[in-house]
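Only one structure is covered here, and it is reproduced in the block below.
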Amino acid sequence: MRFPKKGASFDMEEVEREIMYAIEQGVNYFDTAYIYAGSEDALGKVLAKNQCREKIKIASKLPHYMINTLDDAKKIFEEECKRLRTDYIDYYLMHMLTDKKTWERLVGIGILEWLEDLRAQGRIRKIGFSYHGNSVEFIKLLEAYEWEFCQIQ
């Protein structure tokens, strides 16, 4: 689902109505990403205004294709938390991770240790990835780390 818009911006009144109705109906999982224009911020505003962060699980995604250094990843994560108005993310995914070579590059710059440290601190709860590739690379990625979850697209 995409949040409703009013012109070029989100219709925040309608966004709030939809999110709160979903929560009232038992929905407890919301998926967003750093690159989903305005999505993290809109969700964060509604959750903060209605003081209901603890009622749901949030999944968000680190865009590996925008990361050259560990500092890039740290900056993006902190920005995501700020947008979402939370100090933790329940399900944190490497966004569109499609091959083992990319994962090895990320491990090489310290992403794995950093993610595990964030998990130990309670800043993320589960480490995973979203996958858009072929089955051969999927198996390689599954064997490269003890992932806690995966979104298969």
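Order determines the names: the first chain of the structure tokens is A, the second B, and so forth; residues in each chain are numbered 1 upward, and ligands are numbered 1 upward as they are shown.
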
Shell around Arg105 of chain A at 12 Å using only C-alpha atoms, local window under 3 positions removed, as a PDB file with N, CA and C atoms, in the first residue's frame:
```
ATOM      1  N   HIS A  64      22.132  -0.696   0.646  1.00  0.00           N
ATOM      2  CA  HIS A  64      23.563  -1.018   0.518  1.00  0.00           C
ATOM      3  C   HIS A  64      24.208  -0.315  -0.670  1.00  0.00           C
ATOM      4  N   TYR A  65      23.437  -0.055  -1.701  1.00  0.00           N
ATOM      5  CA  TYR A  65      23.942   0.575  -2.922  1.00  0.00           C
ATOM      6  C   TYR A  65      24.272   2.051  -2.699  1.00  0.00           C
ATOM      7  N   ILE A  67      26.035   2.854   0.130  1.00  0.00           N
ATOM      8  CA  ILE A  67      27.027   2.775   1.198  1.00  0.00           C
ATOM      9  C   ILE A  67      28.404   2.436   0.647  1.00  0.00           C
ATOM     10  N   ASN A  68      29.352   3.310   0.933  1.00  0.00           N
ATOM     11  CA  ASN A  68      30.754   3.054   0.593  1.00  0.00           C
ATOM     12  C   ASN A  68      31.604   2.845   1.833  1.00  0.00           C
ATOM     13  N   THR A  69      31.140   3.382   2.959  1.00  0.00           N
ATOM     14  CA  THR A  69      31.878   3.259   4.217  1.00  0.00           C
ATOM     15  C   THR A  69      30.900   2.909   5.331  1.00  0.00           C
ATOM     16  N   LEU A  70      31.439   2.442   6.428  1.00  0.00           N
ATOM     17  CA  LEU A  70      30.603   2.150   7.591  1.00  0.00           C
ATOM     18  C   LEU A  70      29.927   3.424   8.100  1.00  0.00           C
ATOM     19  N   LEU A  97      19.499  -6.891  -1.506  1.00  0.00           N
ATOM     20  CA  LEU A  97      20.764  -7.628  -1.523  1.00  0.00           C
ATOM     21  C   LEU A  97      20.586  -8.803  -2.482  1.00  0.00           C
ATOM     22  N   ASP A  99      23.351 -10.560  -4.238  1.00  0.00           N
ATOM     23  CA  ASP A  99      24.449 -11.491  -4.499  1.00  0.00           C
ATOM     24  C   ASP A  99      25.434 -11.511  -3.334  1.00  0.00           C
ATOM     25  N   LYS A 100      26.142 -12.618  -3.232  1.00  0.00           N
ATOM     26  CA  LYS A 100      27.094 -12.822  -2.144  1.00  0.00           C
ATOM     27  C   LYS A 100      28.259 -11.837  -2.234  1.00  0.00           C
ATOM     28  N   LYS A 101      28.671 -11.491  -3.440  1.00  0.00           N
ATOM     29  CA  LYS A 101      29.783 -10.555  -3.613  1.00  0.00           C
ATOM     30  C   LYS A 101      29.474  -9.213  -2.943  1.00  0.00           C
ATOM     31  N   THR A 102      28.252  -8.737  -3.083  1.00  0.00           N
ATOM     32  CA  THR A 102      27.853  -7.482  -2.438  1.00  0.00           C
ATOM     33  C   THR A 102      27.881  -7.631  -0.925  1.00  0.00           C
ATOM     34  N   GLY A 108      33.226  -6.561   4.530  1.00  0.00           N
ATOM     35  CA  GLY A 108      34.578  -6.011   4.483  1.00  0.00           C
ATOM     36  C   GLY A 108      34.701  -4.601   5.040  1.00  0.00           C
ATOM     37  N   ILE A 109      33.623  -3.825   4.985  1.00  0.00           N
ATOM     38  CA  ILE A 109      33.692  -2.474   5.554  1.00  0.00           C
ATOM     39  C   ILE A 109      33.153  -2.421   6.988  1.00  0.00           C
ATOM     40  N   GLY A 110      32.790  -3.584   7.531  1.00  0.00           N
ATOM     41  CA  GLY A 110      32.391  -3.648   8.938  1.00  0.00           C
ATOM     42  C   GLY A 110      30.904  -3.662   9.213  1.00  0.00           C
ATOM     43  N   ILE A 111      30.093  -3.845   8.185  1.00  0.00           N
ATOM     44  CA  ILE A 111      28.634  -3.828   8.368  1.00  0.00           C
ATOM     45  C   ILE A 111      28.158  -4.923   9.321  1.00  0.00           C
ATOM     46  N   LEU A 112      28.670  -6.125   9.171  1.00  0.00           N
ATOM     47  CA  LEU A 112      28.190  -7.234   9.990  1.00  0.00           C
ATOM     48  C   LEU A 112      28.421  -6.980  11.474  1.00  0.00           C
TER      49      LEU A 112
END
```

Run DSSP on the backbone and give me the residues of chain A it puts in alpha helix (DSSP H), as a count of residues only.
-> 70

Residues within 6 Å of segment 28-43 of chain A, only C-alpha atoms, excluding chain neighbours under 6 positions, as a PyMOL selection string | chain A and resi 56-61+83-84

What's the 8 Å shell around segment 133-147 of chain A, counting only C-alpha atoms, without same-chain residues fewer than 2 positions away, as a list in words?
->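 Surrounding residues, per the criterion: Thr98, Asp99, Lys100, Trp103, Ile127, Gly128, Phe129, Tyr131, Phe149 and Cys150 of chain A.
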
What does the distance between atom CA of Glu16 of chain A and atom CA of Val46 of chain A come to in Å, to one decimal place?
->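 Between atom CA of Glu16 of chain A and atom CA of Val46 of chain A the gap works out to 5.6 Å.
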
Of the candidates A:Cys81, A:Arg2, A:Lys45, A:Asn50, which one gets nearest to Met20 of chain A if we count only C-alpha atoms?
->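 Looking only at the distances to Met20 of chain A, the closest residue turns out to be A:Asn50.
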
Atom CA of Pro4 of chain A sits from atom CA of Leu47 of chain A at a separation of 16.7 Å

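Proximity ranking of A:Glu18, A:Asp71, A:Glu24, A:Glu148 relative to Tyr92 of chain A places A:Glu148 first, based on only C-alpha atoms.
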
Taking the backbone alone, and naming residues the way the document does, which bits of segment 78-138 of chain A are strand (DSSP E or B) by DSSP, as a list of chain:residue names?
->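 Output for segment 78-138 of chain A, strand (DSSP E or B) only: A:Ile89, A:Asp90, A:Tyr91, A:Tyr92, A:Leu93, A:Met94, A:Ile124, A:Arg125, A:Lys126, A:Ile127, A:Gly128, A:Phe129, A:Ser130, A:Tyr131.
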